[in-house]
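Asks: This is input.txt, which holds compact mmCIF, C-alpha atoms:
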```
# COMPACT_ATOMS: atom_id res chain seq x y z
CA MET A 25 75.39 -29.40 20.15
CA PRO A 26 78.99 -30.41 19.42
CA SER A 27 80.54 -28.34 16.64
CA SER A 28 81.42 -31.55 14.74
CA ALA A 29 77.68 -32.19 14.24
CA LEU A 30 77.09 -28.93 12.36
CA PRO A 31 78.39 -30.01 8.89
CA ALA A 32 76.23 -33.15 9.07
CA LEU A 33 73.19 -31.08 10.01
CA ARG A 34 73.86 -28.67 7.13
CA ALA A 35 74.15 -31.57 4.68
CA TRP A 36 70.90 -33.09 5.92
CA TRP A 37 69.15 -29.69 5.60
CA LYS A 38 70.40 -29.28 2.02
CA ARG A 39 68.92 -32.66 1.06
CA ALA A 40 65.74 -32.38 3.11
CA VAL A 41 64.49 -29.00 1.94
CA PRO A 42 64.45 -29.69 -1.83
CA ALA A 43 62.98 -33.15 -1.16
CA ALA A 44 60.20 -31.63 0.95
CA LEU A 45 59.49 -29.03 -1.74
CA LEU A 46 59.34 -31.73 -4.40
CA VAL A 47 56.89 -33.78 -2.31
CA LEU A 48 54.75 -30.72 -1.68
CA SER A 49 54.67 -29.71 -5.35
CA SER A 50 53.95 -33.29 -6.45
CA SER A 51 51.07 -33.47 -3.99
CA ALA A 52 49.71 -30.21 -5.31
CA LEU A 53 49.86 -31.56 -8.85
CA ALA A 54 48.27 -34.84 -7.80
CA PHE A 55 45.36 -32.98 -6.27
CA GLY A 56 45.10 -30.71 -9.28
CA VAL A 57 45.68 -27.50 -7.37
CA GLU A 58 48.87 -26.50 -9.17
CA ALA A 59 47.99 -23.40 -11.16
CA PRO A 60 49.43 -23.26 -14.66
CA LYS A 61 52.29 -20.82 -14.54
CA LEU A 62 53.80 -18.62 -17.15
CA SER A 63 56.73 -20.25 -18.89
CA GLY A 64 58.69 -17.02 -18.81
CA GLU A 65 59.20 -13.87 -20.84
CA VAL A 66 59.82 -13.84 -24.57
CA ASP A 67 61.09 -11.28 -27.00
CA ALA A 68 61.07 -11.78 -30.77
CA LYS A 69 64.09 -14.09 -30.68
CA GLY A 70 62.82 -16.06 -27.69
CA LEU A 71 59.54 -16.67 -29.47
CA ALA A 72 61.30 -17.75 -32.66
CA ASP A 73 63.39 -20.19 -30.56
CA ALA A 74 60.27 -21.59 -28.87
CA ILE A 75 58.66 -22.17 -32.27
CA ALA A 76 61.86 -23.75 -33.63
CA LYS A 77 61.99 -26.17 -30.68
CA ASN A 78 58.67 -27.59 -31.90
CA LYS A 79 59.89 -28.25 -35.43
CA GLY A 80 58.21 -31.36 -36.77
CA LYS A 81 54.91 -30.31 -35.25
CA VAL A 82 52.21 -27.97 -36.48
CA VAL A 83 52.59 -25.00 -34.13
CA LEU A 84 49.81 -22.55 -33.38
CA VAL A 85 50.96 -19.38 -31.62
CA ASN A 86 48.19 -17.32 -30.04
CA PHE A 87 48.71 -13.73 -28.86
CA TRP A 88 46.31 -12.71 -26.11
CA ALA A 89 45.82 -10.40 -23.16
CA THR A 90 43.63 -10.49 -20.07
CA TRP A 91 42.10 -7.10 -20.99
CA CYS A 92 41.11 -8.43 -24.44
CA VAL A 93 37.56 -9.83 -24.27
CA PRO A 94 37.65 -11.77 -27.59
CA CYS A 95 41.01 -13.25 -26.52
CA ARG A 96 39.46 -14.57 -23.33
CA GLU A 97 36.46 -15.86 -25.28
CA GLU A 98 38.49 -17.88 -27.79
CA PHE A 99 41.06 -19.22 -25.31
CA PRO A 100 38.94 -22.24 -24.16
CA ASP A 101 38.80 -23.37 -27.81
CA LEU A 102 42.60 -23.37 -27.94
CA VAL A 103 42.74 -25.43 -24.75
CA ARG A 104 40.29 -27.91 -26.28
CA LEU A 105 42.10 -27.96 -29.64
CA GLU A 106 45.47 -28.67 -28.04
CA LYS A 107 44.03 -31.60 -26.08
CA ALA A 108 42.31 -33.00 -29.19
CA TYR A 109 45.26 -32.66 -31.58
CA ARG A 110 48.29 -33.10 -29.30
CA ALA A 111 48.72 -36.75 -30.23
CA ARG A 112 48.57 -35.90 -33.95
CA GLY A 113 51.49 -33.51 -33.65
CA VAL A 114 49.98 -30.13 -32.87
CA ALA A 115 51.61 -27.80 -30.36
CA VAL A 116 50.06 -24.59 -29.05
CA LEU A 117 52.04 -21.69 -27.59
CA GLY A 118 50.39 -18.73 -25.91
CA VAL A 119 51.93 -15.27 -25.66
CA SER A 120 50.37 -12.76 -23.30
CA ILE A 121 50.77 -9.10 -24.22
CA ASP A 122 49.82 -7.98 -20.71
CA LEU A 123 52.06 -5.58 -18.88
CA PRO A 124 54.02 -6.83 -15.82
CA LYS A 125 51.69 -4.83 -13.53
CA ASP A 126 48.91 -7.22 -14.58
CA MET A 127 50.88 -10.39 -13.77
CA ALA A 128 48.39 -11.40 -11.07
CA LYS A 129 45.54 -11.18 -13.59
CA VAL A 130 47.55 -13.29 -16.06
CA GLU A 131 48.21 -15.99 -13.45
CA LYS A 132 44.56 -15.97 -12.39
CA PHE A 133 43.40 -16.28 -16.01
CA LEU A 134 45.78 -19.18 -16.67
CA SER A 135 44.73 -20.86 -13.47
CA ALA A 136 41.06 -20.64 -14.46
CA SER A 137 41.66 -21.65 -18.10
CA ALA A 138 44.05 -24.52 -17.24
CA PRO A 139 45.85 -24.77 -20.59
CA ASP A 140 48.11 -27.80 -21.07
CA PHE A 141 50.41 -25.72 -23.28
CA PRO A 142 53.09 -23.18 -22.38
CA ASN A 143 52.22 -19.53 -22.12
CA TYR A 144 54.79 -16.76 -22.18
CA ILE A 145 54.54 -13.05 -21.51
CA LYS A 146 56.02 -10.58 -23.95
CA ARG A 147 59.14 -8.99 -22.52
CA VAL A 148 58.79 -5.31 -21.79
CA GLY A 149 61.21 -3.02 -23.55
CA GLY A 150 62.02 -2.24 -27.11
CA ASP A 151 59.49 -1.04 -29.60
CA ASP A 152 56.31 -3.15 -29.83
CA GLN A 153 56.34 -2.49 -33.58
CA ASP A 154 59.53 -4.55 -33.93
CA PHE A 155 57.94 -7.46 -32.06
CA ILE A 156 54.72 -7.23 -34.11
CA GLU A 157 56.60 -7.18 -37.41
CA SER A 158 58.85 -10.05 -36.38
CA VAL A 159 55.72 -12.20 -36.05
CA ASP A 160 54.15 -11.02 -39.30
CA PRO A 161 54.73 -7.88 -41.36
CA LYS A 162 51.00 -7.71 -42.13
CA TRP A 163 49.97 -7.85 -38.48
CA GLY A 164 48.73 -4.44 -37.34
CA GLY A 165 48.96 -5.26 -33.61
CA GLU A 166 45.30 -6.15 -33.11
CA LEU A 167 44.49 -8.80 -30.53
CA PRO A 168 43.73 -11.63 -30.56
CA PHE A 169 46.06 -12.80 -33.30
CA THR A 170 47.21 -16.29 -34.19
CA ALA A 171 50.06 -17.48 -36.37
CA VAL A 172 50.18 -21.09 -37.54
CA TYR A 173 53.43 -22.83 -38.52
CA GLY A 174 53.82 -26.02 -40.54
CA ARG A 175 55.89 -29.02 -39.53
CA ASP A 176 58.82 -27.44 -41.38
CA GLY A 177 58.75 -24.51 -38.95
CA LYS A 178 57.61 -22.08 -41.62
CA LYS A 179 54.66 -19.76 -41.05
CA ALA A 180 51.73 -20.99 -43.12
CA GLN A 181 48.77 -18.89 -42.01
CA VAL A 182 47.74 -16.06 -39.73
CA LEU A 183 44.34 -15.50 -38.18
CA SER A 184 43.33 -11.97 -37.18
CA GLY A 185 40.71 -11.39 -34.51
CA LYS A 186 38.56 -13.85 -32.59
CA GLN A 187 38.36 -17.34 -34.09
CA SER A 188 36.00 -20.25 -33.61
CA TYR A 189 37.10 -23.77 -32.72
CA GLY A 190 36.28 -24.66 -36.31
CA SER A 191 38.63 -22.09 -37.81
CA PHE A 192 41.50 -23.11 -35.50
CA GLU A 193 40.83 -26.75 -36.40
CA LYS A 194 40.69 -25.98 -40.12
CA ALA A 195 44.03 -24.18 -39.90
CA VAL A 196 45.85 -27.05 -38.19
CA LYS A 197 44.11 -29.80 -40.17
CA SER A 198 45.23 -28.29 -43.45
CA LEU A 199 48.84 -28.57 -42.25
CA LEU A 200 48.58 -32.06 -40.77
CA ARG A 201 47.85 -33.62 -44.15
CA MET B 11 52.12 -24.11 -65.61
CA LYS B 12 49.84 -21.08 -65.72
CA THR B 13 47.24 -23.00 -63.72
CA LEU B 14 49.88 -23.97 -61.17
CA ARG B 15 51.04 -20.36 -60.82
CA LEU B 16 47.47 -19.19 -60.40
CA GLY B 17 46.86 -21.89 -57.81
CA LEU B 18 49.97 -20.88 -55.88
CA ALA B 19 48.94 -17.23 -56.03
CA LEU B 20 45.49 -18.06 -54.70
CA LEU B 21 47.04 -20.14 -51.93
CA GLY B 22 49.23 -17.18 -51.04
CA ILE B 23 46.19 -14.91 -50.80
CA ALA B 24 44.29 -17.45 -48.73
CA ALA B 25 47.23 -17.81 -46.35
CA PHE B 26 46.49 -14.45 -44.74
CA ALA B 27 43.07 -15.29 -43.43
CA LEU B 28 41.82 -11.88 -42.40
CA PRO B 29 38.17 -11.10 -42.65
CA THR B 30 37.51 -9.71 -46.10
CA PHE B 31 38.10 -5.97 -45.92
CA ALA B 32 38.75 -3.46 -48.62
CA ASP B 33 42.43 -2.88 -49.25
CA ALA B 34 43.89 -0.39 -46.82
CA PRO B 35 44.59 2.92 -48.57
CA ALA B 36 48.30 3.31 -49.17
CA ILE B 37 50.27 6.32 -47.95
CA GLY B 38 49.96 8.98 -50.65
CA ALA B 39 46.76 7.49 -52.06
CA ALA B 40 43.31 9.05 -51.75
CA ALA B 41 41.73 8.44 -48.35
CA PRO B 42 38.17 7.14 -48.83
CA VAL B 43 35.60 9.85 -48.16
CA PHE B 44 32.50 9.13 -46.11
CA ASP B 45 29.55 10.70 -44.36
CA LEU B 46 28.62 9.73 -40.82
CA LYS B 47 26.71 11.18 -37.90
CA SER B 48 28.36 12.25 -34.69
CA VAL B 49 27.12 10.77 -31.43
CA ASP B 50 25.28 14.04 -30.75
CA GLY B 51 23.43 13.72 -34.07
CA LYS B 52 25.38 16.18 -36.21
CA PRO B 53 26.25 15.20 -39.79
CA PHE B 54 29.94 14.85 -40.64
CA SER B 55 31.40 14.79 -44.14
CA LEU B 56 35.07 13.94 -44.54
CA ALA B 57 35.15 15.71 -47.93
CA ASP B 58 33.90 18.92 -46.28
CA ALA B 59 36.28 18.53 -43.31
CA GLU B 60 39.25 18.18 -45.70
CA LYS B 61 38.30 21.44 -47.43
CA SER B 62 38.01 23.45 -44.22
CA ASN B 63 41.07 22.16 -42.35
CA ALA B 64 44.77 21.89 -43.09
CA TYR B 65 44.78 18.25 -41.94
CA VAL B 66 42.21 15.80 -40.59
CA VAL B 67 43.17 13.12 -38.05
CA LEU B 68 40.81 10.15 -38.00
CA MET B 69 41.11 8.13 -34.79
CA PHE B 70 39.39 4.75 -34.48
CA ILE B 71 38.63 4.58 -30.79
CA ALA B 72 36.65 2.52 -28.29
CA THR B 73 34.90 3.00 -24.99
CA GLN B 74 35.96 -0.29 -23.39
CA CYS B 75 39.41 -0.96 -24.79
CA PRO B 76 42.16 -0.27 -22.22
CA TYR B 77 44.67 0.54 -24.98
CA SER B 78 42.31 3.13 -26.47
CA ASN B 79 41.35 4.47 -23.06
CA GLY B 80 45.04 4.85 -22.25
CA TYR B 81 45.03 7.66 -24.83
CA ASN B 82 41.86 9.54 -23.77
CA ASP B 83 43.73 12.44 -22.17
CA ARG B 84 46.36 12.55 -24.89
CA MET B 85 43.72 12.58 -27.64
CA ARG B 86 41.78 15.35 -25.88
CA ASP B 87 44.91 17.46 -25.33
CA MET B 88 46.38 16.94 -28.78
CA ALA B 89 43.05 17.74 -30.45
CA ALA B 90 42.84 21.01 -28.54
CA ALA B 91 46.48 21.96 -29.20
CA TYR B 92 46.40 21.16 -32.92
CA ALA B 93 42.97 22.74 -33.52
CA LYS B 94 44.77 26.08 -33.24
CA LYS B 95 47.02 24.98 -36.11
CA GLY B 96 44.18 24.01 -38.43
CA VAL B 97 44.14 20.29 -37.64
CA LEU B 98 40.79 18.62 -36.98
CA PHE B 99 40.80 15.50 -34.82
CA VAL B 100 37.82 13.16 -35.28
CA GLY B 101 37.03 10.06 -33.22
CA ILE B 102 35.28 7.11 -34.89
CA ASN B 103 33.70 4.31 -32.92
CA SER B 104 33.16 1.29 -35.18
CA ASN B 105 32.62 -1.32 -32.47
CA ASN B 106 29.25 -3.01 -32.86
CA THR B 107 29.43 -3.84 -29.14
CA GLU B 108 29.41 -0.16 -28.10
CA SER B 109 26.19 1.84 -28.57
CA VAL B 110 25.75 5.45 -29.65
CA GLU B 111 24.62 6.32 -26.11
CA GLU B 112 27.65 4.64 -24.53
CA THR B 113 30.00 6.32 -27.00
CA ALA B 114 28.41 9.72 -26.32
CA ALA B 115 28.68 9.23 -22.55
CA HIS B 116 32.32 8.17 -22.88
CA ALA B 117 33.15 11.25 -24.99
CA LYS B 118 31.47 13.50 -22.44
CA GLN B 119 33.15 11.78 -19.49
CA HIS B 120 36.60 12.30 -20.98
CA GLY B 121 35.95 15.85 -22.14
CA PHE B 122 36.55 15.16 -25.83
CA GLY B 123 36.30 18.50 -27.59
CA PHE B 124 36.46 16.82 -30.99
CA PRO B 125 33.59 15.20 -32.92
CA VAL B 126 33.04 11.53 -32.17
CA LEU B 127 31.27 9.61 -34.93
CA LYS B 128 29.46 6.32 -34.76
CA ASP B 129 30.19 3.96 -37.65
CA PRO B 130 27.19 1.62 -37.93
CA GLY B 131 28.09 -1.68 -39.55
CA ASN B 132 31.79 -0.69 -39.39
CA LYS B 133 31.61 0.49 -43.01
CA VAL B 134 34.24 3.20 -42.53
CA ALA B 135 36.53 0.85 -40.60
CA ASP B 136 36.27 -1.51 -43.58
CA LEU B 137 37.02 1.29 -46.06
CA TYR B 138 40.23 2.05 -44.17
CA ASP B 139 40.99 -1.56 -43.21
CA ALA B 140 41.19 -0.27 -39.64
CA ARG B 141 41.65 -3.26 -37.37
CA ARG B 142 42.34 -2.02 -33.87
CA THR B 143 41.72 0.74 -31.40
CA PRO B 144 43.37 3.13 -31.25
CA GLU B 145 44.46 3.43 -34.88
CA VAL B 146 44.91 6.83 -36.53
CA TYR B 147 45.02 8.21 -40.07
CA VAL B 148 46.21 11.70 -41.08
CA ILE B 149 44.66 13.13 -44.25
CA GLY B 150 45.74 16.25 -46.11
CA LYS B 151 43.70 18.99 -47.77
CA ASP B 152 44.05 17.19 -51.09
CA GLY B 153 42.44 14.10 -49.55
CA LYS B 154 45.63 12.03 -49.57
CA LEU B 155 46.64 9.76 -46.72
CA LEU B 156 49.84 11.04 -45.09
CA TYR B 157 50.27 8.97 -41.94
CA HIS B 158 48.76 5.75 -40.58
CA GLY B 159 49.36 3.97 -37.32
CA ARG B 160 49.76 4.69 -33.65
CA ILE B 161 49.61 7.83 -31.56
CA ASP B 162 52.90 6.99 -29.85
CA ASP B 163 54.84 4.03 -28.53
CA ASN B 164 53.51 3.86 -24.96
CA SER B 165 49.79 3.44 -24.31
CA ASN B 166 50.39 2.78 -20.65
CA ASP B 167 52.38 5.83 -19.60
CA ALA B 168 52.48 9.14 -21.45
CA ALA B 169 55.57 10.13 -19.46
CA LYS B 170 57.53 7.20 -20.93
CA VAL B 171 56.81 7.85 -24.60
CA THR B 172 59.99 7.73 -26.64
CA SER B 173 58.43 7.97 -30.09
CA PRO B 174 55.50 10.44 -30.37
CA ASP B 175 54.74 9.35 -33.91
CA LEU B 176 51.47 11.20 -34.56
CA LYS B 177 52.87 14.43 -33.11
CA ASN B 178 56.04 14.03 -35.17
CA ALA B 179 53.99 13.50 -38.33
CA LEU B 180 51.76 16.53 -37.72
CA ASP B 181 54.67 18.78 -36.76
CA ALA B 182 56.57 17.76 -39.90
CA LEU B 183 53.54 18.38 -42.12
CA LEU B 184 52.77 21.74 -40.52
CA ALA B 185 56.40 22.73 -41.05
CA GLY B 186 56.16 21.76 -44.71
CA GLN B 187 58.48 18.79 -44.26
CA THR B 188 58.04 15.16 -45.21
CA VAL B 189 56.95 12.70 -42.57
CA SER B 190 59.87 10.42 -41.68
CA LYS B 191 57.77 7.51 -40.33
CA THR B 192 54.52 7.26 -42.28
CA GLU B 193 53.39 3.87 -40.97
CA THR B 194 53.67 2.63 -37.41
CA LYS B 195 52.18 -0.22 -35.38
CA ALA B 196 51.13 -0.87 -31.82
CA PHE B 197 49.09 -3.39 -29.91
CA GLY B 198 45.40 -2.63 -29.60
CA CYS B 199 41.94 -4.11 -29.34
CA THR B 200 40.36 -5.68 -32.40
CA ILE B 201 37.51 -3.58 -33.79
CA LYS B 202 34.38 -5.59 -33.00
CA ARG B 203 32.76 -5.90 -36.40
CA ALA B 204 29.11 -6.60 -37.07
```
What does the file become when written as structure tokens?

Replies:
Amino acid sequence: MPSSALPALRAWWKRAVPAALLVLSSSALAFGVEAPKLSGEVDAKGLADAIAKNKGKVVLVNFWATWCVPCREEFPDLVRLEKAYRARGVAVLGVSIDLPKDMAKVEKFLSASAPDFPNYIKRVGGDDQDFIESVDPKWGGELPFTAVYGRDGKKAQVLSGKQSYGSFEKAVKSLLR
Amino acid sequence: MKTLRLGLALLGIAAFALPTFADAPAIGAAAPVFDLKSVDGKPFSLADAEKSNAYVVLMFIATQCPYSNGYNDRMRDMAAAYAKKGVLFVGINSNNTESVEETAAHAKQHGFGFPVLKDPGNKVADLYDARRTPEVYVIGKDGKLLYHGRIDDNSNDAAKVTSPDLKNALDALLAGQTVSKTETKAFGCTIKRA
């Protein structure tokens, strides 16, 4: 190959690879095989920013973990609630409290649950007490736990322990009025 | 205006939608006394335990909660070490999903040398407003609550603990000092109430 052809080949490669990846990922989405992924790590500030980005919506933040049976039991209700109330201005954010060593379990759980809302994992480091208190001073750290924010971005209600679809719905409905 | 204030106050109360528990005892207040049976059938009276020990450590624990199980060895070792100093550790299982038999087998499997009580109907968990496992309470001879919260700040790895809060509290009390951190928090499993 003449040396003059190399830059052209490099340029083609640079364009072709991302395009191929895009096609592949689009195909995966089209066939519904794209597993929901974590949206990244959050600390207290990151979570506050994520909530603030949804200002104008009623935001329900659910704290869960794969090892927490009642968390796994109530999660399908959150998936259903988000689908039902998305158009009316409800956003759901999930925060996994799993440790990084359990990342595969988290991904598997999200893949099976197929939420249409972002899920984050709590960043390791720092004292968990600071994170817990940043969410709500009355929260003792029990899981599952849900905090509900009004359209003004202010926390309006917290729900401790496993909830039913009805209690999630009641919480968001009262803020949609 | 009075009606409006009352309405706002009620709204404020309703905003924290926890199940209806008794108020958690405050640090320095009297810890609620109770009588329960241990998983091996022996009666346990907190009032009696307070009289015969310098301090009593109540630990709400579980058989199936990974966060609680992360502390099995630490609870066993601390209970043995502090027994020599007049501190009685007591495990309480309030989960309605975990039977007496399962709780007894779990205690035996992990070599718990301390009494493990079963709390039918989670009445004691309600008295203390205990919400998660593990969650611990330290009570003095006079029946007052002296510490409430976590065992330490790392359920996953005892070697990486940076804040051994229960140990710090007990060591301070045994040395006649005041506890610097009387209330701490950690993640844990919700107590499965009846």

Asks: Rounded to one decimal, what separation in Å do you get between atom CA of Lys61 of chain A and atom CA of Phe141 of chain A?

Replies: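 Computing the Euclidean distance for atom CA of Lys61 of chain A and atom CA of Phe141 of chain A yields 10.2 Å.
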
Asks: Could you tell me which of B:Gly131, B:Pro53, B:Pro76, B:Pro174 comes closest to chain A if we count all atoms listed in the file?

Replies: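 The shortest atom-to-atom distance to chain A comes from B:Pro76.
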
Asks: Using all atoms listed in the file, what does the table of chain A residues within 8 Å of chain B look like, with each row giving the shortest atom pair and its distance in Å to one decimal, sorted by chain and ascending number, as CSV?

Replies:
```
residue,atom,partner,partner_atom,distance
A:Trp91,CA,B:Pro76,CA,6.9
A:Cys92,CA,B:Cys199,CA,6.6
A:Asp151,CA,B:Asp163,CA,7.0
A:Asp152,CA,B:Ala196,CA,6.0
A:Gln153,CA,B:Lys195,CA,5.1
A:Ile156,CA,B:Lys195,CA,7.6
A:Gly164,CA,B:Lys195,CA,5.8
A:Gly165,CA,B:Phe197,CA,4.1
A:Glu166,CA,B:Gly198,CA,5.0
A:Leu167,CA,B:Cys199,CA,5.5
A:Pro168,CA,B:Thr200,CA,7.1
A:Ala180,CA,B:Ala25,CA,6.4
A:Gln181,CA,B:Ala25,CA,4.7
A:Val182,CA,B:Phe26,CA,5.4
A:Leu183,CA,B:Ala27,CA,5.4
A:Ser184,CA,B:Leu28,CA,5.4
A:Gly185,CA,B:Thr200,CA,6.1
```

Asks: Restricting the calculation to all atoms listed in the file, which member of B:Ala41, B:Ala204, B:Ala182, B:Ala91 is positioned closest to Gly123 of chain B?

Replies: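 The closest residue to Gly123 of chain B is B:Ala91.
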
Asks: Could you check which of A:Gly190, A:Pro161, A:Gly149, A:Gly64 is closest to Val119 of chain A, using all atoms listed in the file?

Replies: A:Gly64

Asks: Using Å and a single decimal, report how far atom CA of Asp33 of chain B sits from atom CA of Asn79 of chain B.

Replies: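 Pair atom CA of Asn79 of chain B / atom CA of Asp33 of chain B returns 27.2 Å.
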
Asks: Could you list, as a PyMOL selection string, every residue within 6 Å of Leu155 of chain B, counting only C-alpha atoms and ignoring same-chain residues fewer than 6 positions away?

Replies: chain B and resi 37-39+41+148-149

Asks: In the coordinate frame of the file, compute which residues have an atom within 7 Å of (59.2, 15.2, -40.0) when using only C-alpha atoms, and state them as a PDB file with C-alpha atoms, in the coordinates of the input.

Replies:
```
ATOM      1  CA  ASN B 178      56.040  14.030 -35.170  1.00  0.00           C
ATOM      2  CA  ALA B 179      53.990  13.500 -38.330  1.00  0.00           C
ATOM      3  CA  ASP B 181      54.670  18.780 -36.760  1.00  0.00           C
ATOM      4  CA  ALA B 182      56.570  17.760 -39.900  1.00  0.00           C
ATOM      5  CA  LEU B 183      53.540  18.380 -42.120  1.00  0.00           C
ATOM      6  CA  GLN B 187      58.480  18.790 -44.260  1.00  0.00           C
ATOM      7  CA  THR B 188      58.040  15.160 -45.210  1.00  0.00           C
ATOM      8  CA  VAL B 189      56.950  12.700 -42.570  1.00  0.00           C
ATOM      9  CA  SER B 190      59.870  10.420 -41.680  1.00  0.00           C
TER      10      SER B 190
END
```

Asks: In terms of the shortest atom-to-atom distance over all atoms listed in the file, which of A:Leu200, A:Ala74, A:Tyr189, A:Lys146 is closest to Glu97 of chain A?

Replies: A:Tyr189

Asks: Any idea what's packed within 10 Å of Asp67 of chain A, counting only C-alpha atoms, ignoring anything in its chain fewer than 6 positions away? Could you give it as a list in words?

Replies: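 Near neighbours after the sequence-gap exclusion: Asp73, Tyr144, Ile145, Lys146, Arg147, Val148, Gly149, Gly150, Asp152, Asp154, Phe155 and Ser158 of chain A.
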
Asks: Mind checking which residues fall within 12 Å of Lys129 of chain A, counting only C-alpha atoms, ignoring those fewer than 4 positions away in the same chain, and posting them as a short mmCIF file (atom, residue, chain, number, x, y, z; two decimals) with C-alpha atoms, keeping the file's coordinate frame?

Replies:
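Dumped to out_21.cif:
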```
data_model
loop_
_atom_site.label_atom_id
_atom_site.label_comp_id
_atom_site.auth_asym_id
_atom_site.auth_seq_id
_atom_site.Cartn_x
_atom_site.Cartn_y
_atom_site.Cartn_z
CA LYS A 61 52.29 -20.82 -14.54
CA LEU A 62 53.80 -18.62 -17.15
CA ALA A 89 45.82 -10.40 -23.16
CA THR A 90 43.63 -10.49 -20.07
CA TRP A 91 42.10 -7.10 -20.99
CA ARG A 96 39.46 -14.57 -23.33
CA SER A 120 50.37 -12.76 -23.30
CA ASP A 122 49.82 -7.98 -20.71
CA LEU A 123 52.06 -5.58 -18.88
CA PRO A 124 54.02 -6.83 -15.82
CA LYS A 125 51.69 -4.83 -13.53
CA PHE A 133 43.40 -16.28 -16.01
CA LEU A 134 45.78 -19.18 -16.67
CA SER A 135 44.73 -20.86 -13.47
CA ALA A 136 41.06 -20.64 -14.46
#
```

Asks: Which neighbours of Tyr173 of chain A fall inside 12 Å, counting all atoms listed in the file, when residues of the same chain fewer than 4 positions from it are skipped, and could you give them as a PyMOL selection string?

Replies: (chain A and resi 72+74-76+78-86+113-117+159-160+177-183+195-200) or (chain B and resi 25)

Asks: One number please: atom CA of Lys94 of chain B to atom CA of Gly186 of chain B, in Å, one decimal.

Replies: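 Taking atom CA of Lys94 of chain B as the start and atom CA of Gly186 of chain B as the end point, the length is 16.7 Å.
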
Asks: So which residues touch Ala57 of chain B within 12 Å, counting all atoms listed in the file, skipping near sequence neighbours fewer than 2 positions away, as number ranges by chain?

Replies: B: 40-46, 54-55, 59-63, 65-66, 149-154

Asks: From the set B:Asp129, B:Asp162, B:Asp139, B:Asp175, which residue has the shortest atom-to-atom contact distance to Ala36 of chain B, counting only C-alpha atoms?

Replies: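 Among the listed residues, B:Asp139 lies closest to Ala36 of chain B.
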
Asks: Using only C-alpha atoms, which of the listed residues (A:Lys77, A:Thr170, A:Ile121, A:Lys162) sits closest to Lys186 of chain A?

Replies: A:Thr170
